[in-house]
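Raw work-v4.pdb, PDB, C-alpha atoms:
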ATOM      1  CA  MET N 274     108.739 126.469  84.886
ATOM      2  CA  ALA N 275     112.444 127.193  85.179
ATOM      3  CA  GLN N 276     114.541 124.438  86.696
ATOM      4  CA  GLN N 277     116.054 125.704  89.939
ATOM      5  CA  ARG N 278     116.938 122.363  91.516
ATOM      6  CA  ASP N 279     119.048 119.359  90.564
ATOM      7  CA  TYR N 280     117.105 116.091  90.368
ATOM      8  CA  PHE N 281     118.639 112.630  90.731
ATOM      9  CA  PHE N 282     117.259 109.093  90.509
ATOM     10  CA  VAL N 283     118.840 106.102  92.251
ATOM     11  CA  ARG N 284     117.753 102.599  91.296
ATOM     12  CA  ASP N 285     116.634 100.256  94.060
ATOM     13  CA  ASP N 286     115.822  96.710  92.953
ATOM     14  CA  HIS N 287     114.823  95.587  96.477
ATOM     15  CA  THR N 288     117.418  92.807  96.570
ATOM     16  CA  SER N 289     120.894  94.352  96.310
ATOM     17  CA  ILE N 290     122.257  96.940  98.737
ATOM     18  CA  ALA N 291     124.970  98.196  96.373
ATOM     19  CA  GLN N 292     123.113 101.370  95.404
ATOM     20  CA  HIS N 293     122.157 102.000  99.037
ATOM     21  CA  ALA N 294     125.809 101.808 100.041
ATOM     22  CA  ARG N 295     126.878 104.297  97.380
ATOM     23  CA  LEU N 296     124.146 106.765  98.255
ATOM     24  CA  THR N 297     124.760 106.382 102.000
ATOM     25  CA  ALA N 298     128.463 107.082 101.473
ATOM     26  CA  ASP N 299     127.600 110.246  99.541
ATOM     27  CA  LEU N 300     125.184 111.352 102.259
ATOM     28  CA  LEU N 301     127.765 110.793 104.982
ATOM     29  CA  ALA N 302     130.152 112.925 102.913
ATOM     30  CA  HIS N 303     127.471 115.672 103.019
ATOM     31  CA  ARG N 304     126.531 115.485  99.353
ATOM     32  CA  PHE N 305     122.959 116.745  98.757
ATOM     33  CA  ARG N 306     123.026 118.400 102.198
ATOM     34  CA  GLY N 307     119.788 120.195 103.019
ATOM     35  CA  GLY N 308     117.960 118.669 100.064
ATOM     36  CA  ASP N 309     115.021 116.295  99.742
ATOM     37  CA  LEU N 310     115.113 112.496  99.632
ATOM     38  CA  TYR N 311     112.049 110.676  98.309
ATOM     39  CA  CYS N 312     111.950 106.929  98.973
ATOM     40  CA  GLU N 313     109.703 104.082  97.907
ATOM     41  CA  PHE N 314     110.318 101.677 100.758
ATOM     42  CA  ALA N 315     109.139 103.538 103.887
ATOM     43  CA  TYR N 316     105.904 105.268 104.837
ATOM     44  CA  GLU N 317     105.533 108.659 106.495
ATOM     45  CA  PRO N 318     104.861 107.409 110.074
ATOM     46  CA  ASP N 319     108.198 105.589 110.194
ATOM     47  CA  ILE N 320     110.007 108.498 108.573
ATOM     48  CA  ASP N 321     108.472 110.832 111.160
ATOM     49  CA  LYS N 322     109.753 108.561 113.930
ATOM     50  CA  LEU N 323     113.260 108.705 112.514
ATOM     51  CA  MET N 324     113.093 112.472 112.088
ATOM     52  CA  SER N 325     112.105 112.824 115.744
ATOM     53  CA  VAL N 326     115.025 110.935 117.290
ATOM     54  CA  GLY N 327     117.707 113.487 116.547
ATOM     55  CA  ALA N 328     117.489 114.981 120.033
ATOM     56  CA  ALA N 329     116.618 111.746 121.805
ATOM     57  CA  ALA N 330     118.887 109.974 124.282
ATOM     58  CA  ASP N 331     120.859 107.025 122.939
ATOM     59  CA  GLU N 332     118.574 104.424 124.507
ATOM     60  CA  ALA N 333     115.416 106.098 123.235
ATOM     61  CA  ARG N 334     116.959 106.472 119.786
ATOM     62  CA  GLU N 335     117.865 102.792 119.654
ATOM     63  CA  LEU N 336     114.308 101.828 120.556
ATOM     64  CA  VAL N 337     112.975 103.914 117.675
ATOM     65  CA  LEU N 338     115.482 102.422 115.238
ATOM     66  CA  CYS N 339     114.526  98.899 116.315
ATOM     67  CA  ASP N 340     110.840  99.740 115.950
ATOM     68  CA  VAL N 341     111.282 101.121 112.428
ATOM     69  CA  LEU N 342     113.441  98.162 111.411
ATOM     70  CA  ALA N 343     110.731  95.797 112.639
ATOM     71  CA  THR N 344     108.160  97.622 110.507
ATOM     72  CA  LEU N 345     110.398  97.547 107.445
ATOM     73  CA  SER N 346     110.915  93.818 107.949
ATOM     74  CA  LEU N 347     107.230  93.208 107.244
ATOM     75  CA  ASN N 348     107.999  93.762 103.553
ATOM     76  CA  GLY N 349     109.513  90.295 103.235
ATOM     77  CA  TRP N 350     112.919  91.497 102.061
ATOM     78  CA  THR N 351     116.120  90.383 103.773
ATOM     79  CA  ARG N 352     117.255  91.785 107.103
ATOM     80  CA  GLU N 353     120.464  92.958 105.426
ATOM     81  CA  TYR N 354     118.436  94.908 102.875
ATOM     82  CA  ASN N 355     116.166  96.510 105.470
ATOM     83  CA  ARG N 356     119.109  97.388 107.703
ATOM     84  CA  SER N 357     120.715  99.072 104.698
ATOM     85  CA  VAL N 358     117.516 101.040 104.063
ATOM     86  CA  LEU N 359     117.466 102.186 107.676
ATOM     87  CA  ASP N 360     121.130 103.218 107.614
ATOM     88  CA  MET N 361     120.512 105.237 104.453
ATOM     89  CA  LEU N 362     117.511 107.056 105.925
ATOM     90  CA  VAL N 363     119.437 107.870 109.106
ATOM     91  CA  ALA N 364     122.346 109.172 107.003
ATOM     92  CA  ALA N 365     119.978 111.405 105.032
ATOM     93  CA  ILE N 366     118.453 112.847 108.188
ATOM     94  CA  SER N 367     121.889 113.468 109.704
ATOM     95  CA  ASN N 368     122.717 115.265 106.455
ATOM     96  CA  ASP N 369     119.899 117.733 107.180
ATOM     97  CA  MET N 370     117.770 116.336 104.368
ATOM     98  CA  ARG N 371     113.998 116.306 104.360
ATOM     99  CA  VAL N 372     112.871 112.714 103.847
ATOM    100  CA  HIS N 373     109.539 111.895 102.194
ATOM    101  CA  ALA N 374     107.614 108.731 101.397
ATOM    102  CA  LEU N 375     106.744 108.368  97.733
ATOM    103  CA  ASP N 376     103.754 106.191  98.496
ATOM    104  CA  SER N 377     101.159 105.487 101.158
ATOM    105  CA  PRO N 378      99.524 102.240 102.344
ATOM    106  CA  GLU N 379      96.458 102.821 100.159
ATOM    107  CA  TRP N 380      98.625 102.014  97.105
ATOM    108  CA  SER N 381     100.130  98.821  98.543
ATOM    109  CA  ARG N 382      99.513  95.339  97.163
ATOM    110  CA  ALA N 383      97.607  94.487 100.351
ATOM    111  CA  ALA N 384      95.262  97.437  99.813
ATOM    112  CA  PHE N 385      94.577  96.460  96.194
ATOM    113  CA  GLU N 386      93.880  92.863  97.210
ATOM    114  CA  GLU N 387      91.548  94.002  99.982
ATOM    115  CA  ARG N 388      89.559  96.133  97.527
ATOM    116  CA  TYR N 389      89.455  93.774  94.550
ATOM    117  CA  GLY N 390      90.283  90.322  95.880
ATOM    118  CA  ARG N 391      93.624  88.557  95.859
ATOM    119  CA  PHE N 392      93.741  87.652  92.176
ATOM    120  CA  ARG N 393      92.372  90.771  90.492
ATOM    121  CA  GLY N 394      93.834  93.029  93.174
ATOM    122  CA  GLY N 395      97.283  91.588  92.581
ATOM    123  CA  LEU N 396      96.965  92.229  88.858
ATOM    124  CA  LYS N 397      95.730  95.772  89.377
ATOM    125  CA  TYR N 398      98.653  96.408  91.699
ATOM    126  CA  LEU N 399     101.107  95.210  89.042
ATOM    127  CA  GLN N 400      99.384  97.387  86.469
ATOM    128  CA  ASN N 401      99.650 100.435  88.711
ATOM    129  CA  ARG N 402     103.343  99.890  89.432
ATOM    130  CA  ALA N 403     104.318  99.370  85.803
ATOM    131  CA  SER N 404     102.107 101.996  84.163
ATOM    132  CA  PRO N 405     104.030 104.369  81.848
ATOM    133  CA  ALA N 406     101.094 106.806  81.668
ATOM    134  CA  ASP N 407     101.191 110.262  83.216
ATOM    135  CA  ASP N 408      97.627 110.034  84.479
ATOM    136  CA  GLY N 409      97.988 110.811  88.177
ATOM    137  CA  GLU N 410      97.112 107.196  88.997
ATOM    138  CA  GLY N 411     100.097 105.068  88.008
ATOM    139  CA  ALA N 412     102.907 104.910  90.557
ATOM    140  CA  SER N 413     105.497 106.765  88.475
ATOM    141  CA  SER N 414     103.017 109.515  87.601
ATOM    142  CA  ARG N 415     101.956 109.969  91.232
ATOM    143  CA  TRP N 416     105.565 110.057  92.351
ATOM    144  CA  ALA N 417     106.532 112.637  89.737
ATOM    145  CA  ARG N 418     103.735 114.916  90.900
ATOM    146  CA  LYS N 419     104.794 114.552  94.509
ATOM    147  CA  VAL N 420     108.408 115.339  93.710
ATOM    148  CA  LEU N 421     107.359 118.486  91.851
ATOM    149  CA  GLU N 422     105.235 119.822  94.721
ATOM    150  CA  ARG N 423     108.302 121.526  96.216
ATOM    151  CA  HIS N 424     109.858 122.368  92.857
ATOM    152  CA  ALA N 425     110.102 126.125  93.282
ATOM    153  CA  GLU N 426     110.753 126.286  97.024
ATOM    154  CA  ASP N 427     114.555 126.315  97.014
ATOM    155  CA  GLU N 428     117.619 125.283  95.040
ATOM    156  CA  SER N 429     118.692 122.237  97.052
ATOM    157  CA  ALA N 430     119.033 118.826  95.431
ATOM    158  CA  VAL N 431     116.239 116.283  95.063
ATOM    159  CA  VAL N 432     117.095 112.581  95.241
ATOM    160  CA  VAL N 433     114.530 109.903  94.392
ATOM    161  CA  ILE N 434     115.235 106.244  95.121
ATOM    162  CA  GLY N 435     112.865 103.646  93.711
ATOM    163  CA  GLY N 436     112.491 100.558  91.558
ATOM    164  CA  ALA N 437     114.173 100.431  88.158
ATOM    165  CA  GLU N 438     110.873 100.428  86.277
ATOM    166  CA  HIS N 439     110.086 103.903  87.615
ATOM    167  CA  GLY N 440     113.329 105.601  86.586
ATOM    168  CA  PRO N 441     112.878 105.935  82.804
ATOM    169  CA  VAL N 442     109.177 106.758  83.188
ATOM    170  CA  MET N 443     109.798 109.474  85.774
ATOM    171  CA  LEU N 444     112.587 110.983  83.675
ATOM    172  CA  GLN N 445     110.216 111.252  80.733
ATOM    173  CA  ILE N 446     107.276 112.575  82.766
ATOM    174  CA  LEU N 447     109.345 115.302  84.433
ATOM    175  CA  ARG N 448     110.866 116.332  81.124
ATOM    176  CA  ASN N 449     107.536 116.375  79.277
ATOM    177  CA  ARG N 450     105.567 118.075  82.014
ATOM    178  CA  CYS N 451     107.812 121.001  82.845
ATOM    179  CA  GLY N 452     111.207 120.568  81.234
ATOM    180  CA  VAL N 453     112.864 119.208  84.379
ATOM    181  CA  ARG N 454     115.871 117.035  83.661
ATOM    182  CA  MET N 455     116.561 114.242  86.136
ATOM    183  CA  GLU N 456     120.001 112.652  86.258
ATOM    184  CA  LEU N 457     120.585 108.963  86.915
ATOM    185  CA  LEU N 458     123.064 108.368  89.715
ATOM    186  CA  TYR N 459     125.623 105.559  89.638
ATOM    187  CA  GLU N 460     124.626 104.162  86.214
ATOM    188  CA  GLY N 461     123.841 105.230  82.662
ATOM    189  CA  GLU N 462     120.507 105.395  80.873
ATOM    190  CA  ASP N 463     121.157 102.235  78.849
ATOM    191  CA  GLU N 464     121.749 100.186  81.987
ATOM    192  CA  MET N 465     118.699 101.669  83.686
ATOM    193  CA  HIS N 466     116.471 100.977  80.670
ATOM    194  CA  GLU N 467     117.728  97.406  80.450
ATOM    195  CA  THR N 468     117.032  96.789  84.134
ATOM    196  CA  ALA N 469     113.623  98.456  83.911
ATOM    197  CA  HIS N 470     112.705  96.402  80.838
ATOM    198  CA  ARG N 471     113.581  93.180  82.655
ATOM    199  CA  LYS N 472     111.488  94.219  85.659
ATOM    200  CA  VAL N 473     108.380  95.137  83.653
ATOM    201  CA  SER N 474     108.753  92.015  81.499
ATOM    202  CA  THR N 475     108.786  89.971  84.704
ATOM    203  CA  LEU N 476     105.607  91.710  85.851
ATOM    204  CA  LEU N 477     104.010  90.908  82.489
ATOM    205  CA  ARG N 478     104.917  87.225  82.796
ATOM    206  CA  GLU N 479     103.509  87.187  86.325
ATOM    207  CA  ALA N 480     100.251  88.744  85.145
ATOM    208  CA  THR N 481      99.968  86.345  82.208
ATOM    209  CA  ARG N 482     100.646  83.336  84.434
ATOM    210  CA  SER N 483      98.011  84.549  86.892
ATOM    211  CA  ARG N 484      95.490  84.768  84.084
ATOM    212  CA  LEU N 485      96.223  81.214  82.955
ATOM    213  CA  LEU N 486      95.812  79.968  86.517
ATOM    214  CA  ALA N 487      92.603  81.914  87.084
ATOM    215  CA  ASP N 488      89.478  79.827  87.374
ATOM    216  CA  THR N 489      86.826  82.144  86.005
ATOM    217  CA  ASP N 490      84.059  81.879  83.449
ATOM    218  CA  ASP N 491      83.091  85.516  83.910
ATOM    219  CA  ASP N 492      83.531  87.388  80.621
ATOM    220  CA  ASP N 493      83.805  90.669  82.521
ATOM    221  CA  ASP N 494      86.629  89.256  84.649
ATOM    222  CA  GLU N 495      88.364  87.981  81.533
ATOM    223  CA  SER N 496      88.067  91.388  79.845
ATOM    224  CA  LYS N 497      89.528  93.205  82.843
ATOM    225  CA  ILE N 498      92.384  90.732  83.152
ATOM    226  CA  LEU N 499      93.255  91.157  79.482
ATOM    227  CA  SER N 500      93.105  94.944  79.895
ATOM    228  CA  ILE N 501      95.596  94.784  82.759
ATOM    229  CA  ILE N 502      97.952  92.538  80.797
ATOM    230  CA  ASP N 503      97.686  94.879  77.808
ATOM    231  CA  SER N 504      98.644  97.817  80.035
ATOM    232  CA  LEU N 505     101.739  95.966  81.241
ATOM    233  CA  LEU N 506     102.642  95.106  77.663
ATOM    234  CA  LYS N 507     102.454  98.788  76.740
ATOM    235  CA  GLY N 508     104.871  99.458  79.574
ATOM    236  CA  VAL N 509     107.342  96.991  78.088
ATOM    237  CA  ARG N 510     106.978  98.504  74.613
ATOM    238  CA  ALA N 511     107.430 102.021  75.978
ATOM    239  CA  LEU N 512     110.731 100.984  77.522
ATOM    240  CA  GLU N 513     111.802  99.226  74.334
ATOM    241  CA  SER N 514     111.265 102.389  72.297
ATOM    242  CA  ALA N 515     112.728 104.809  74.856
TER     243      ALA N 515
END

What is this structure when it is put down as C-alpha cells?
Amino acid sequence: MAQQRDYFFVRDDHTSIAQHARLTADLLAHRFRGGDLYCEFAYEPDIDKLMSVGAAADEARELVLCDVLATLSLNGWTREYNRSVLDMLVAAISNDMRVHALDSPEWSRAAFEERYGRFRGGLKYLQNRASPADDGEGASSRWARKVLERHAEDESAVVVIGGAEHGPVMLQILRNRCGVRMELLYEGEDEMHETAHRKVSTLLREATRSRLLADTDDDDDESKILSIIDSLLKGVRALESA
C-alpha cells in the first residue's frame, strides 16, 4: 500500500492543555485543512452535534456547545481541559476537517466494569488500553485500523490525538502493517517514549495494587488477574526496547 497521506500523532495526557493549544493554533492557521482528525476524548454523537452547528444561529450554536461541554465534563477532567478539547474540535471543524471518534462507549471503563464487575473490569480496561499487540482488540490496534480505513481515499493529512501510551504503539503498528510512517507533532520520539513508559508503568502499578487489595480465594480469578498484569508488563517492556 503506497503512502498517499501524511500522518501525525499528538500526545494528550488528559491533564495539560499545552498540546491542545498548539494544535488549535495550527488549525486556526489552516494547517491540515480538509484532512481528518481522530480524537480519543469525544464520541461520535457529540462530534455529530458539533458538525451540525456550522449553519446554526448563534443562540442555537451556543446551546449545542454547552451541551457537548456538559457531556465532556462527565469524564472527571478539569473544566479548563474540557473547554480546551471543545475549542480544538470547533477549530478543526472550522478548518473543514472531518472529525472522528477513535473509540465508542463499549470500550469505556464503565462498560468493562458493567460486563466483568468493578475489580476485574477495571483491570481488563487497563489491559486493553495499554496493550502493545496488533490484535484488533487492544485500543492502539483498534485505533490504527480505524485510521487506515480511509487510507487511500485522498491525500489530505491525518491527525490523531490520544494518550501517550498509544503513540509509540500506533507508530509501530502502522509501519509494520502497511509501511505507513506517522510523524510525532510537537515532540520527539524519545520524549514520547519516556512519557508513554511512565503512563504504562503507572497502569501496571495500579493493576498490581488492585490485585493486592483483591479479596478473592478463586484460583481462576487469581490466574486472570496475573494474566492481565503480565500483559501490562509486556507493554512496559515493549516501550523499553522500542

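Comparing N:Arg454, N:His439, N:His287, N:Lys322 by their smallest distance to Arg352 of chain N, the closest is N:His287 (using all atoms listed in the file).
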
Legend entry - atom CA of Leu458 of chain N to atom CA of Glu313 of chain N, distance in Å rounded to a single decimal: 16.2 Å

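Against the coordinates shown, the PyMOL selection byres ((chain N and resi 443) around 8) returns N:Ser413, N:Ser414, N:Trp416, N:Ala417, N:His439, N:Gly440, N:Pro441, N:Val442, N:Leu444, N:Gln445, N:Ile446, N:Leu447.
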
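The two atoms in question, atom CA of Asp286 of chain N and atom CA of Gly435 of chain N, are spaced 7.6 Å apart.
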
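In this structure, atom CA of Met361 of chain N sits 12.6 Å away from atom CA of Val433 of chain N.
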
Give me, as JSON lines, the closest atom pair and its distance (Å, one decimal) for every residue of segment 288-342 of chain N within a cut-off of 12 Å of segment 364-367 of chain N, counting only C-alpha atoms, rows sorted by chain and rising number.
{"residue": "N:His293", "atom": "CA", "partner": "N:Ala364", "partner_atom": "CA", "distance": 10.7}
{"residue": "N:Ala294", "atom": "CA", "partner": "N:Ala364", "partner_atom": "CA", "distance": 10.7}
{"residue": "N:Arg295", "atom": "CA", "partner": "N:Ala364", "partner_atom": "CA", "distance": 11.7}
{"residue": "N:Leu296", "atom": "CA", "partner": "N:Ala365", "partner_atom": "CA", "distance": 9.2}
{"residue": "N:Thr297", "atom": "CA", "partner": "N:Ala364", "partner_atom": "CA", "distance": 6.2}
{"residue": "N:Ala298", "atom": "CA", "partner": "N:Ala364", "partner_atom": "CA", "distance": 8.5}
{"residue": "N:Asp299", "atom": "CA", "partner": "N:Ala364", "partner_atom": "CA", "distance": 9.2}
{"residue": "N:Leu300", "atom": "CA", "partner": "N:Ala365", "partner_atom": "CA", "distance": 5.9}
{"residue": "N:Leu301", "atom": "CA", "partner": "N:Ala364", "partner_atom": "CA", "distance": 6.0}
{"residue": "N:Ala302", "atom": "CA", "partner": "N:Ala364", "partner_atom": "CA", "distance": 9.6}
{"residue": "N:His303", "atom": "CA", "partner": "N:Ala365", "partner_atom": "CA", "distance": 8.9}
{"residue": "N:Arg304", "atom": "CA", "partner": "N:Ala365", "partner_atom": "CA", "distance": 9.6}
{"residue": "N:Phe305", "atom": "CA", "partner": "N:Ala365", "partner_atom": "CA", "distance": 8.8}
{"residue": "N:Arg306", "atom": "CA", "partner": "N:Ala365", "partner_atom": "CA", "distance": 8.1}
{"residue": "N:Gly307", "atom": "CA", "partner": "N:Ala365", "partner_atom": "CA", "distance": 9.0}
{"residue": "N:Gly308", "atom": "CA", "partner": "N:Ala365", "partner_atom": "CA", "distance": 9.0}
{"residue": "N:Asp309", "atom": "CA", "partner": "N:Ala365", "partner_atom": "CA", "distance": 8.7}
{"residue": "N:Leu310", "atom": "CA", "partner": "N:Ala365", "partner_atom": "CA", "distance": 7.3}
{"residue": "N:Tyr311", "atom": "CA", "partner": "N:Ala365", "partner_atom": "CA", "distance": 10.4}
{"residue": "N:Cys312", "atom": "CA", "partner": "N:Ala365", "partner_atom": "CA", "distance": 11.0}
{"residue": "N:Ile320", "atom": "CA", "partner": "N:Ile366", "partner_atom": "CA", "distance": 9.5}
{"residue": "N:Asp321", "atom": "CA", "partner": "N:Ile366", "partner_atom": "CA", "distance": 10.6}
{"residue": "N:Lys322", "atom": "CA", "partner": "N:Ile366", "partner_atom": "CA", "distance": 11.3}
{"residue": "N:Leu323", "atom": "CA", "partner": "N:Ile366", "partner_atom": "CA", "distance": 7.9}
{"residue": "N:Met324", "atom": "CA", "partner": "N:Ile366", "partner_atom": "CA", "distance": 6.6}
{"residue": "N:Ser325", "atom": "CA", "partner": "N:Ile366", "partner_atom": "CA", "distance": 9.9}
{"residue": "N:Val326", "atom": "CA", "partner": "N:Ile366", "partner_atom": "CA", "distance": 9.9}
{"residue": "N:Gly327", "atom": "CA", "partner": "N:Ser367", "partner_atom": "CA", "distance": 8.0}
{"residue": "N:Ala328", "atom": "CA", "partner": "N:Ser367", "partner_atom": "CA", "distance": 11.3}

Legend entry - Minimum-distance residue to Asn348 of chain N, chosen among N:Arg391, N:Arg382, N:Ala406, N:Val432 (using only C-alpha atoms): N:Arg382

Inset, instruction - Check which residues satisfy the PyMOL selection byres ((chain N and resi 339-346) around 10) in the file shown, then give them as number ranges by chain. - result: N: 314-316, 318-320, 322-323, 334-338, 347-360

Please produce a file of the residues just selected, as an mmCIF file, in the frame of the given file, where the atoms kept are C-alpha atoms.
data_model
loop_
_atom_site.group_PDB
_atom_site.id
_atom_site.type_symbol
_atom_site.label_atom_id
_atom_site.label_comp_id
_atom_site.auth_asym_id
_atom_site.auth_seq_id
_atom_site.Cartn_x
_atom_site.Cartn_y
_atom_site.Cartn_z
ATOM 1 C CA PHE N 314 110.318 101.677 100.758
ATOM 2 C CA ALA N 315 109.139 103.538 103.887
ATOM 3 C CA TYR N 316 105.904 105.268 104.837
ATOM 4 C CA PRO N 318 104.861 107.409 110.074
ATOM 5 C CA ASP N 319 108.198 105.589 110.194
ATOM 6 C CA ILE N 320 110.007 108.498 108.573
ATOM 7 C CA LYS N 322 109.753 108.561 113.930
ATOM 8 C CA LEU N 323 113.260 108.705 112.514
ATOM 9 C CA ARG N 334 116.959 106.472 119.786
ATOM 10 C CA GLU N 335 117.865 102.792 119.654
ATOM 11 C CA LEU N 336 114.308 101.828 120.556
ATOM 12 C CA VAL N 337 112.975 103.914 117.675
ATOM 13 C CA LEU N 338 115.482 102.422 115.238
ATOM 14 C CA LEU N 347 107.230 93.208 107.244
ATOM 15 C CA ASN N 348 107.999 93.762 103.553
ATOM 16 C CA GLY N 349 109.513 90.295 103.235
ATOM 17 C CA TRP N 350 112.919 91.497 102.061
ATOM 18 C CA THR N 351 116.120 90.383 103.773
ATOM 19 C CA ARG N 352 117.255 91.785 107.103
ATOM 20 C CA GLU N 353 120.464 92.958 105.426
ATOM 21 C CA TYR N 354 118.436 94.908 102.875
ATOM 22 C CA ASN N 355 116.166 96.510 105.470
ATOM 23 C CA ARG N 356 119.109 97.388 107.703
ATOM 24 C CA SER N 357 120.715 99.072 104.698
ATOM 25 C CA VAL N 358 117.516 101.040 104.063
ATOM 26 C CA LEU N 359 117.466 102.186 107.676
ATOM 27 C CA ASP N 360 121.130 103.218 107.614
#

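The residues returned by the PyMOL selection byres ((chain N and resi 381) around 12) on the shown structure are N:Glu313, N:Phe314, N:Ala315, N:Tyr316, N:Asn348, N:Leu375, N:Asp376, N:Ser377, N:Pro378, N:Glu379, N:Trp380, N:Arg382, N:Ala383, N:Ala384, N:Phe385, N:Glu386, N:Glu387, N:Arg388, N:Gly394, N:Gly395, N:Lys397, N:Tyr398, N:Leu399, N:Asn401, N:Arg402, N:Ala412.
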